[in-house]
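> One file is attached below, target29.cif, containing mmCIF, C-alpha atoms and all ligand atoms.
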data_my_file
loop_
_atom_site.label_atom_id
_atom_site.label_comp_id
_atom_site.auth_asym_id
_atom_site.auth_seq_id
_atom_site.Cartn_x
_atom_site.Cartn_y
_atom_site.Cartn_z
CA MET A 1 -9.73 -49.28 35.83
CA GLY A 2 -11.83 -52.22 34.68
CA SER A 3 -15.33 -53.49 34.14
CA ALA A 4 -15.08 -55.59 37.28
CA LEU A 5 -15.45 -52.38 39.24
CA VAL A 6 -18.75 -51.56 37.61
CA LYS A 7 -21.78 -53.10 39.24
CA ARG A 8 -25.13 -53.32 37.45
CA LEU A 9 -28.31 -53.22 39.50
CA ASP A 10 -31.74 -53.61 37.87
CA GLY A 11 -30.30 -52.63 34.48
CA LYS A 12 -28.88 -49.39 35.84
CA ARG A 13 -25.18 -48.75 36.00
CA GLU A 14 -23.78 -47.94 39.37
CA ASN A 15 -20.47 -46.44 38.51
CA ARG A 16 -17.91 -47.36 41.13
CA ILE A 17 -14.92 -46.39 39.00
CA PRO A 18 -12.99 -43.55 40.62
CA ASP A 19 -12.69 -40.67 38.13
CA MET A 20 -9.26 -40.58 36.53
CA HIS A 21 -9.97 -37.02 35.55
CA ASP A 22 -12.33 -35.50 37.99
CA ILE A 23 -14.05 -32.55 36.35
CA ALA A 24 -14.66 -29.83 38.94
CA GLN A 25 -18.21 -28.53 39.15
CA ASP A 26 -16.93 -25.05 38.36
CA ALA A 27 -14.61 -26.07 35.49
CA ARG A 28 -14.99 -23.93 32.38
CA ILE A 29 -16.44 -26.39 29.86
CA PHE A 30 -16.88 -25.42 26.19
CA VAL A 31 -19.37 -27.35 24.08
CA ALA A 32 -18.44 -26.49 20.48
CA GLY A 33 -21.62 -27.09 18.46
CA HIS A 34 -24.00 -26.82 21.40
CA GLY A 35 -27.02 -26.10 19.19
CA GLY A 36 -26.87 -29.40 17.34
CA LEU A 37 -28.16 -32.89 18.05
CA VAL A 38 -25.05 -33.97 19.96
CA GLY A 39 -24.05 -30.62 21.45
CA SER A 40 -27.50 -29.97 22.91
CA ALA A 41 -27.53 -33.45 24.49
CA ILE A 42 -24.11 -32.89 26.06
CA LEU A 43 -25.21 -29.49 27.32
CA ARG A 44 -28.42 -30.97 28.84
CA ARG A 45 -26.34 -33.62 30.53
CA LEU A 46 -23.77 -31.15 31.91
CA GLU A 47 -26.54 -28.89 33.18
CA ALA A 48 -28.26 -31.87 34.83
CA GLU A 49 -25.00 -32.74 36.60
CA GLY A 50 -24.81 -29.19 37.94
CA PHE A 51 -21.72 -27.89 36.12
CA SER A 52 -21.85 -24.15 36.67
CA ARG A 53 -19.54 -22.63 34.04
CA LEU A 54 -20.69 -23.93 30.69
CA LEU A 55 -19.39 -22.03 27.67
CA THR A 56 -21.17 -21.86 24.32
CA ALA A 57 -20.97 -19.75 21.18
CA THR A 58 -23.41 -19.64 18.31
CA ARG A 59 -22.16 -19.74 14.74
CA GLY A 60 -22.98 -16.02 14.49
CA GLU A 61 -20.79 -15.28 17.50
CA LEU A 62 -17.93 -17.56 16.45
CA ASP A 63 -17.33 -19.19 13.08
CA LEU A 64 -15.32 -22.23 14.10
CA ARG A 65 -13.66 -22.38 10.66
CA ASP A 66 -11.88 -19.09 11.37
CA GLN A 67 -8.59 -19.74 13.20
CA ARG A 68 -8.08 -16.13 14.28
CA ALA A 69 -11.58 -15.85 15.66
CA VAL A 70 -11.27 -19.21 17.43
CA ASP A 71 -7.87 -18.26 18.92
CA HIS A 72 -9.31 -14.99 20.15
CA TRP A 73 -12.36 -16.69 21.67
CA PHE A 74 -10.21 -19.30 23.48
CA GLU A 75 -7.89 -16.61 24.82
CA ALA A 76 -10.85 -14.59 26.09
CA ASN A 77 -12.81 -17.52 27.58
CA ARG A 78 -10.02 -19.94 28.63
CA PRO A 79 -11.99 -23.21 28.58
CA GLU A 80 -10.45 -26.06 30.58
CA ILE A 81 -12.51 -28.87 29.06
CA VAL A 82 -13.71 -28.94 25.42
CA PHE A 83 -16.29 -31.14 23.74
CA LEU A 84 -15.61 -30.72 20.02
CA VAL A 85 -18.94 -31.76 18.52
CA ALA A 86 -19.48 -29.08 15.87
CA GLY A 87 -19.46 -29.86 12.18
CA THR A 88 -21.23 -29.98 8.86
CA VAL A 89 -23.24 -33.19 9.07
CA GLY A 90 -25.84 -34.93 6.89
CA GLY A 91 -27.10 -38.02 5.11
CA ILE A 92 -26.28 -39.53 1.71
CA LEU A 93 -28.00 -36.82 -0.32
CA ALA A 94 -26.30 -33.94 1.49
CA ASN A 95 -22.92 -35.69 1.34
CA SER A 96 -23.18 -36.36 -2.38
CA THR A 97 -24.40 -32.89 -3.39
CA ARG A 98 -22.23 -30.78 -1.04
CA PRO A 99 -18.89 -32.68 -0.80
CA ALA A 100 -16.79 -29.49 -0.77
CA GLU A 101 -18.62 -28.12 2.26
CA PHE A 102 -18.37 -31.46 4.04
CA ILE A 103 -14.60 -31.68 3.67
CA TYR A 104 -13.70 -27.99 4.04
CA ASP A 105 -15.93 -27.10 6.97
CA ASN A 106 -15.03 -30.17 9.00
CA LEU A 107 -11.28 -30.02 8.30
CA MET A 108 -11.22 -26.38 9.32
CA ILE A 109 -13.37 -26.76 12.44
CA HIS A 110 -11.27 -29.67 13.72
CA ALA A 111 -7.99 -27.90 13.02
CA THR A 112 -8.89 -24.52 14.48
CA VAL A 113 -10.36 -25.88 17.70
CA VAL A 114 -7.62 -28.45 18.34
CA HIS A 115 -4.91 -25.85 17.68
CA ALA A 116 -6.51 -23.19 19.88
CA ALA A 117 -7.04 -25.78 22.64
CA TYR A 118 -3.32 -26.62 22.49
CA ARG A 119 -2.26 -22.97 22.44
CA THR A 120 -4.38 -22.00 25.43
CA GLY A 121 -3.60 -25.09 27.52
CA VAL A 122 -7.00 -26.83 27.51
CA ARG A 123 -6.81 -29.67 30.04
CA ARG A 124 -8.98 -32.21 28.18
CA LEU A 125 -10.58 -32.24 24.75
CA LEU A 126 -12.97 -34.86 23.48
CA TYR A 127 -13.31 -34.94 19.70
CA LEU A 128 -16.28 -36.69 18.17
CA GLY A 129 -15.72 -38.50 14.89
CA SER A 130 -18.10 -40.82 13.11
CA SER A 131 -18.35 -44.47 12.14
CA CYS A 132 -18.06 -43.45 8.46
CA ILE A 133 -14.28 -43.21 8.98
CA TYR A 134 -13.97 -46.97 8.49
CA PRO A 135 -13.35 -48.79 5.18
CA ARG A 136 -16.41 -49.77 3.15
CA HIS A 137 -15.54 -53.44 3.40
CA ALA A 138 -14.21 -53.48 6.95
CA PRO A 139 -14.90 -56.78 8.74
CA GLN A 140 -18.02 -56.57 10.91
CA PRO A 141 -18.34 -55.61 13.68
CA ILE A 142 -15.78 -52.87 13.00
CA ARG A 143 -12.90 -52.62 15.45
CA GLU A 144 -10.97 -49.44 16.21
CA GLN A 145 -7.85 -50.91 14.58
CA ASP A 146 -9.67 -51.30 11.22
CA LEU A 147 -9.16 -47.58 10.58
CA LEU A 148 -7.18 -46.92 7.35
CA THR A 149 -7.06 -50.56 6.29
CA GLY A 150 -9.09 -50.15 3.07
CA LEU A 151 -11.02 -47.87 0.72
CA LEU A 152 -13.75 -45.65 2.12
CA GLU A 153 -17.42 -45.63 1.13
CA PRO A 154 -17.42 -43.29 -1.93
CA THR A 155 -20.74 -41.58 -1.09
CA ASN A 156 -19.25 -39.86 1.96
CA GLU A 157 -15.50 -40.03 1.37
CA PRO A 158 -14.79 -36.26 1.69
CA TYR A 159 -16.60 -36.15 5.04
CA ALA A 160 -14.84 -39.32 6.22
CA ILE A 161 -11.41 -37.92 5.28
CA ALA A 162 -12.12 -34.81 7.38
CA LYS A 163 -13.31 -36.94 10.30
CA ILE A 164 -10.16 -39.11 10.09
CA ALA A 165 -8.07 -35.93 10.05
CA GLY A 166 -9.73 -34.98 13.35
CA ILE A 167 -8.51 -38.20 14.98
CA LYS A 168 -5.03 -37.70 13.60
CA LEU A 169 -4.96 -34.11 14.86
CA CYS A 170 -5.76 -35.25 18.39
CA GLN A 171 -3.12 -37.98 18.21
CA ALA A 172 -0.47 -35.68 16.73
CA TYR A 173 -1.01 -32.96 19.34
CA ARG A 174 -0.93 -35.62 22.06
CA ARG A 175 2.35 -37.05 20.74
CA GLN A 176 4.15 -33.80 19.98
CA TYR A 177 2.81 -31.54 22.72
CA GLY A 178 1.49 -33.96 25.34
CA CYS A 179 -2.09 -32.65 24.96
CA ASP A 180 -4.76 -34.70 26.69
CA PHE A 181 -7.00 -34.95 23.62
CA ILE A 182 -9.13 -38.04 23.05
CA SER A 183 -11.47 -39.20 20.27
CA ALA A 184 -14.76 -41.08 20.31
CA MET A 185 -16.39 -42.59 17.20
CA PRO A 186 -20.15 -42.85 17.57
CA THR A 187 -22.44 -44.89 15.41
CA ASN A 188 -25.59 -43.35 13.85
CA LEU A 189 -27.30 -41.08 16.35
CA TYR A 190 -30.84 -39.84 16.83
CA GLY A 191 -32.93 -38.03 19.42
CA PRO A 192 -34.29 -34.59 20.36
CA ASN A 193 -32.94 -31.68 18.27
CA ASP A 194 -32.18 -33.96 15.33
CA ASN A 195 -32.42 -32.59 11.79
CA PHE A 196 -35.76 -33.55 10.23
CA ASP A 197 -35.24 -31.65 6.96
CA LEU A 198 -35.64 -34.27 4.22
CA GLU A 199 -32.94 -32.72 2.05
CA SER A 200 -30.18 -33.09 4.63
CA SER A 201 -31.28 -35.46 7.37
CA HIS A 202 -30.04 -38.92 8.33
CA VAL A 203 -32.17 -41.99 7.77
CA LEU A 204 -33.92 -42.30 11.15
CA PRO A 205 -35.22 -38.72 11.48
CA ALA A 206 -36.07 -38.77 7.76
CA LEU A 207 -38.22 -41.85 8.32
CA ILE A 208 -39.99 -40.22 11.29
CA ARG A 209 -40.70 -37.14 9.19
CA LYS A 210 -41.89 -39.12 6.16
CA PHE A 211 -44.28 -41.33 8.10
CA HIS A 212 -45.54 -38.36 10.10
CA ASP A 213 -46.20 -36.35 6.92
CA ALA A 214 -47.93 -39.34 5.29
CA LYS A 215 -50.18 -39.73 8.33
CA VAL A 216 -51.04 -36.03 8.46
CA GLU A 217 -51.63 -35.79 4.70
CA GLY A 218 -53.62 -39.04 4.56
CA ARG A 219 -51.22 -40.77 2.15
CA ARG A 220 -51.20 -44.55 2.07
CA SER A 221 -47.52 -45.20 1.46
CA VAL A 222 -44.03 -43.88 2.05
CA THR A 223 -41.06 -44.32 -0.29
CA VAL A 224 -37.63 -45.09 1.12
CA TRP A 225 -34.35 -44.89 -0.81
CA GLY A 226 -32.44 -48.11 -1.53
CA THR A 227 -33.09 -51.82 -1.19
CA GLY A 228 -33.75 -51.80 2.55
CA ALA A 229 -31.05 -54.46 2.95
CA PRO A 230 -28.16 -52.44 4.46
CA ARG A 231 -27.81 -52.93 8.18
CA ARG A 232 -27.24 -50.04 10.58
CA GLU A 233 -26.80 -49.43 14.29
CA PHE A 234 -28.50 -46.54 16.14
CA LEU A 235 -27.66 -44.92 19.46
CA HIS A 236 -29.84 -42.44 21.32
CA VAL A 237 -28.02 -39.14 21.69
CA ASP A 238 -28.62 -39.06 25.46
CA ASP A 239 -26.70 -42.32 25.69
CA LEU A 240 -23.94 -40.75 23.60
CA ALA A 241 -23.79 -37.74 25.95
CA ASP A 242 -23.46 -40.17 28.85
CA ALA A 243 -20.63 -41.97 27.03
CA CYS A 244 -18.84 -38.69 26.26
CA LEU A 245 -18.87 -37.69 29.93
CA PHE A 246 -17.75 -41.18 30.88
CA LEU A 247 -14.81 -41.08 28.46
CA ALA A 248 -13.84 -37.54 29.47
CA ARG A 249 -13.58 -38.83 33.02
CA HIS A 250 -12.11 -42.27 32.47
CA TYR A 251 -10.25 -42.54 29.15
CA ASP A 252 -6.79 -41.23 28.53
CA GLU A 253 -5.29 -42.95 25.52
CA ASP A 254 -4.17 -42.23 22.01
CA GLU A 255 -6.52 -44.55 20.15
CA HIS A 256 -10.11 -43.53 19.42
CA VAL A 257 -12.98 -45.45 21.05
CA ASN A 258 -16.08 -46.74 19.26
CA VAL A 259 -19.40 -45.73 20.85
CA GLY A 260 -22.50 -47.70 19.96
CA THR A 261 -24.96 -50.32 21.09
CA GLY A 262 -23.30 -53.31 19.42
CA GLU A 263 -26.68 -54.17 17.81
CA ASP A 264 -27.86 -53.47 14.26
CA LEU A 265 -30.94 -53.98 12.08
CA SER A 266 -31.80 -53.65 8.38
CA ILE A 267 -33.09 -50.35 7.02
CA ARG A 268 -36.31 -52.18 6.13
CA ALA A 269 -36.71 -53.34 9.75
CA LEU A 270 -35.95 -49.83 10.98
CA ALA A 271 -38.53 -48.35 8.59
CA GLU A 272 -41.11 -50.85 9.81
CA LEU A 273 -40.34 -50.01 13.44
CA VAL A 274 -40.69 -46.26 12.76
CA ARG A 275 -43.88 -46.89 10.78
CA ASP A 276 -45.35 -48.88 13.68
CA VAL A 277 -44.58 -46.05 16.12
CA VAL A 278 -45.53 -43.10 13.91
CA ALA A 279 -48.12 -44.22 11.36
CA PRO A 280 -49.33 -47.82 11.68
CA GLY A 281 -51.09 -48.94 8.51
CA VAL A 282 -49.06 -46.79 6.12
CA ALA A 283 -47.29 -48.98 3.51
CA LEU A 284 -43.55 -48.97 2.94
CA GLU A 285 -42.24 -48.85 -0.66
CA LEU A 286 -38.54 -49.27 -1.35
CA GLU A 287 -36.70 -47.56 -4.24
CA PRO A 288 -33.96 -50.10 -5.08
CA THR A 289 -32.46 -47.94 -7.87
CA LYS A 290 -31.31 -45.36 -5.28
CA PRO A 291 -27.93 -45.77 -3.54
CA ASP A 292 -27.67 -47.92 -0.44
CA GLY A 293 -24.36 -46.74 1.00
CA MET A 294 -22.28 -49.23 2.95
CA PRO A 295 -23.79 -52.75 3.13
CA ARG A 296 -23.30 -52.99 6.88
CA LYS A 297 -21.97 -50.71 9.60
CA LEU A 298 -21.85 -52.19 13.07
CA LEU A 299 -19.26 -51.05 15.56
CA ASP A 300 -17.32 -53.40 17.80
CA VAL A 301 -17.89 -51.78 21.17
CA SER A 302 -15.96 -54.28 23.26
CA ARG A 303 -13.34 -51.69 24.25
CA LEU A 304 -16.02 -49.36 25.60
CA HIS A 305 -17.78 -52.24 27.35
CA ALA A 306 -14.48 -53.28 28.92
CA LEU A 307 -14.06 -49.73 30.21
CA GLY A 308 -17.40 -50.12 31.97
CA TRP A 309 -19.93 -48.30 29.78
CA ARG A 310 -23.09 -49.65 28.10
CA HIS A 311 -26.05 -47.94 26.44
CA ARG A 312 -29.39 -47.86 28.26
CA ILE A 313 -32.04 -46.65 25.80
CA GLY A 314 -33.59 -49.32 23.56
CA LEU A 315 -34.39 -48.46 19.93
CA ARG A 316 -38.20 -48.62 20.15
CA GLU A 317 -38.21 -46.59 23.37
CA GLY A 318 -35.85 -44.07 21.76
CA VAL A 319 -37.93 -43.76 18.58
CA GLU A 320 -41.10 -43.29 20.64
CA SER A 321 -39.58 -40.51 22.75
CA THR A 322 -37.99 -38.85 19.71
CA TYR A 323 -41.33 -38.86 17.89
CA ALA A 324 -43.00 -37.37 20.97
CA TRP A 325 -40.36 -34.61 20.92
CA TYR A 326 -40.87 -34.08 17.18
CA GLN A 327 -44.59 -33.65 17.63
CA THR A 328 -44.20 -31.00 20.30
CA ALA A 329 -41.02 -29.12 19.35
CA GLY A 330 -39.46 -30.64 16.26
CA SER A 331 -41.85 -29.76 13.48
CA SER A 332 -41.84 -26.07 14.41
CA ARG A 333 -38.05 -25.95 13.86
CA LEU A 334 -38.17 -27.20 10.27
CA PRO A 335 -37.27 -25.05 7.29
CA ALA A 336 -40.04 -24.49 4.72
CA ALA A 337 -41.46 -27.84 3.58
CA THR A 338 -39.23 -29.63 1.12
CA ALA A 339 -40.77 -31.10 -1.98
CA THR A 340 -38.68 -34.22 -2.52
CA ALA A 341 -38.72 -36.79 0.22
CA ARG A 342 -35.55 -38.85 0.47
CA SER A 343 -33.87 -40.87 3.17
N1 LIG B 401 -25.85 -37.16 13.77
C1 LIG B 401 -25.26 -38.34 13.71
O1 LIG B 401 -25.88 -39.38 13.44
C2 LIG B 401 -23.78 -38.45 14.00
C3 LIG B 401 -23.24 -39.72 13.96
C4 LIG B 401 -21.89 -39.87 14.22
C5 LIG B 401 -21.12 -38.76 14.50
N2 LIG B 401 -21.67 -37.53 14.53
C6 LIG B 401 -20.77 -36.40 14.81
O2 LIG B 401 -21.30 -35.60 15.86
C7 LIG B 401 -20.93 -34.25 15.65
C8 LIG B 401 -22.18 -33.39 15.77
O3 LIG B 401 -23.17 -33.86 14.89
P1 LIG B 401 -24.70 -33.41 15.04
O4 LIG B 401 -25.50 -34.51 14.46
O5 LIG B 401 -24.94 -32.90 16.40
O6 LIG B 401 -24.74 -32.21 13.99
P2 LIG B 401 -25.72 -30.97 13.97
O7 LIG B 401 -26.99 -31.29 14.66
O8 LIG B 401 -25.78 -30.52 12.54
O9 LIG B 401 -24.97 -29.88 14.84
C9 LIG B 401 -23.76 -29.35 14.43
C10 LIG B 401 -23.47 -28.13 15.26
O10 LIG B 401 -22.25 -27.56 14.79
C11 LIG B 401 -22.45 -26.18 14.59
N3 LIG B 401 -21.58 -25.67 13.53
C12 LIG B 401 -21.44 -26.18 12.28
N4 LIG B 401 -20.58 -25.43 11.58
C13 LIG B 401 -20.18 -24.42 12.39
C14 LIG B 401 -19.31 -23.33 12.24
N5 LIG B 401 -18.65 -23.10 11.09
N6 LIG B 401 -19.14 -22.50 13.29
C15 LIG B 401 -19.81 -22.69 14.46
N7 LIG B 401 -20.64 -23.72 14.67
C16 LIG B 401 -20.84 -24.58 13.64
C17 LIG B 401 -23.89 -26.06 14.19
O11 LIG B 401 -24.32 -24.74 14.34
P3 LIG B 401 -25.66 -24.22 13.63
O12 LIG B 401 -26.75 -24.65 14.58
O13 LIG B 401 -25.49 -22.76 13.52
O14 LIG B 401 -25.74 -24.92 12.30
C18 LIG B 401 -24.53 -27.04 15.15
O15 LIG B 401 -24.72 -26.46 16.41
C19 LIG B 401 -20.25 -34.17 14.30
O16 LIG B 401 -18.88 -34.13 14.49
C20 LIG B 401 -20.61 -35.48 13.63
O17 LIG B 401 -19.58 -35.93 12.79
C21 LIG B 401 -22.99 -37.33 14.30
#
Rewrite the structure from the file as structure tokens, please.

Amino acid sequence: MGSALVKRLDGKRENRIPDMHDIAQDARIFVAGHGGLVGSAILRRLEAEGFSRLLTATRGELDLRDQRAVDHWFEANRPEIVFLVAGTVGGILANSTRPAEFIYDNLMIHATVVHAAYRTGVRRLLYLGSSCIYPRHAPQPIREQDLLTGLLEPTNEPYAIAKIAGIKLCQAYRRQYGCDFISAMPTNLYGPNDNFDLESSHVLPALIRKFHDAKVEGRRSVTVWGTGAPRREFLHVDDLADACLFLARHYDEDEHVNVGTGEDLSIRALAELVRDVVAPGVALELEPTKPDGMPRKLLDVSRLHALGWRHRIGLREGVESTYAWYQTAGSSRLPAATATARS
């Protein structure tokens, strides 16, 4: 398999790579975490491709932290393919105020699902990690082999430890039991079904919400945590879903694969872009006394590019479509308005 086999026409990928792992249209495919940002995008994508036996379970039906319940569910439903994209997820504020939940929930979810997948003979499992697994001072752009070469960013260390454990679980079950479990590490994601609650959201949806609220309430400025200097990379979740399907079909190795655009921008530039889309004319005020998090986080995506995959959705286009979604569906899904606005 190689990028030479992938032909690009008018910016669209024409995938000529034969599937290493053809996924039958009637394969039983479980999307763990189907209600979330990533899970809903994967489900949309699978539905669009016509897969006919998609398996889902809400948290009420199946608490993925409960090994007995997960074992029972896997035995009853016998998935063949699993997308493990469930977890407790959030921004700096949520990570720093709820570190126990971030480490416990994620460790348990990864362990129960990987173990049940092994026990019931799942054919392929794709585990989704996060770019926060890498050391705070990793050289930029961050390569897959930079994992565990330095100290983690303290503001989300418990979450990062759980996400690293997920990679190691997949590798250990592959080595000891021959399980076909792979891991993908996406950069910051955004898109429809994102979390716009200011107490727990990531920076991009938080900015959309803040500028939208300022516009609706007639306020002249919006405050954003930090200096605005840190640089971040953003990938539309529909591109991620495309990459997950691509990897499930074409990747079969032990090492995790970075998934991103290979392009970053400062938080200030991001805030200005969101402001221009959502509420032109509203001023941006930075709060430099608040924590910044890692100074830069850009993934080296050369491995993924070499496999033949590239993102398609540009950042402005993605922010515009996400804001359109927020205006129609997103704001009705918010919890009661939160008083303190933070990014
Ligand atoms: N968002 C990002 O920017 C980003 C970036 C990199 C990596 N990721 C990774 O992508 C994955 C999904 O993130 P996301 O942004 O889609 O998160 P999300 O929108 O919060 O969705 C998480 C999903 O997991 C489910 N879930 C959580 N705990 C559960 C439990 N105990 N039992 C059953 N279901 C449970 C949630 O169910 P409920 O709907 O009931 O809560 C929800 O459907 C995570 O592994 C995360 O590390 C996300």
> Select the residues contacting ligand LIG 401 (chain B) at a distance of at most 6 Å, based on only C-alpha atoms and all ligand atoms, then format the selection as a VMD selection string.
chain A and resid 33 to 39 59 62 to 65 85 to 89 128 to 130 186 to 189 194
> Using CA of Lys168 (chain A) and CA of Met185 (chain A) as the two end points, give the distance in Å to one decimal.
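These atoms are spaced 12.9 Å apart.
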> Find, counting all atoms listed in the file, the residue in A:Asp71, A:Glu49, A:Glu144, A:Asp264 that gets nearest to Ala111 (chain A).
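Ranked by minimum distance to Ala111 (chain A), first place goes to A:Asp71.
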> Excluding region 227-233 of chain A and its own-chain neighbours fewer than 6 positions away, which residues fall within 12 Å of it when counting only C-alpha atoms? Please give them as an MDAnalysis selection string.
chainID A and resid 131:132 140:142 186:190 202:204 259:272 284:301 314:315 343
> I need the residue nearest Leu46 (chain A) from this list: A:Gln176, A:Gln25, A:Gln171, A:Ser201. Use all atoms listed in the file for the distance.
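Ranked by minimum distance to Leu46 (chain A), first place goes to A:Gln25.
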> Would you mind telling me which residue in A:Leu148, A:Tyr323, A:Phe30, A:Ala306 lies nearest to Lys210 (chain A) when using all atoms listed in the file?
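The shortest atom-to-atom distance to Lys210 (chain A) comes from A:Tyr323.
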> Considering all atoms listed in the file, state which residue in the set A:Leu245, A:Val113, A:Val224, A:Ile92 is at the smallest distance from Pro158 (chain A).
A:Ile92
> Provide the CA of Val274 (chain A) to CA of Gly330 (chain A) distance in Å, to one decimal place.
16.1 Å
> Which residue out of A:Ser321, A:Ser52, A:Thr58, A:Gln327 has the minimum interatomic distance to His236 (chain A) when all atoms listed in the file are used?
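Using all atoms listed in the file, His236 (chain A) sits closest to A:Ser321.
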> For CA of Tyr159 (chain A) and CA of Asp238 (chain A), determine how far apart the two atoms are, in Å to one decimal place.
23.9 Å
> Give me the residues near Asp252 (chain A) as a VMD selection string, where near means some atom within 12 Å (using all atoms listed in the file) and where sequence neighbours in that chain fewer than 3 positions away do not count.
chain A and resid 1 19 to 21 123 to 126 170 to 171 174 178 to 184 246 to 249 255 to 257 307
> Compare A:Glu101, A:Glu217, A:Glu75, A:Glu157 by their minimum atom-to-atom distance to Arg119 (chain A), counting only C-alpha atoms, and give me the closest one.
A:Glu75
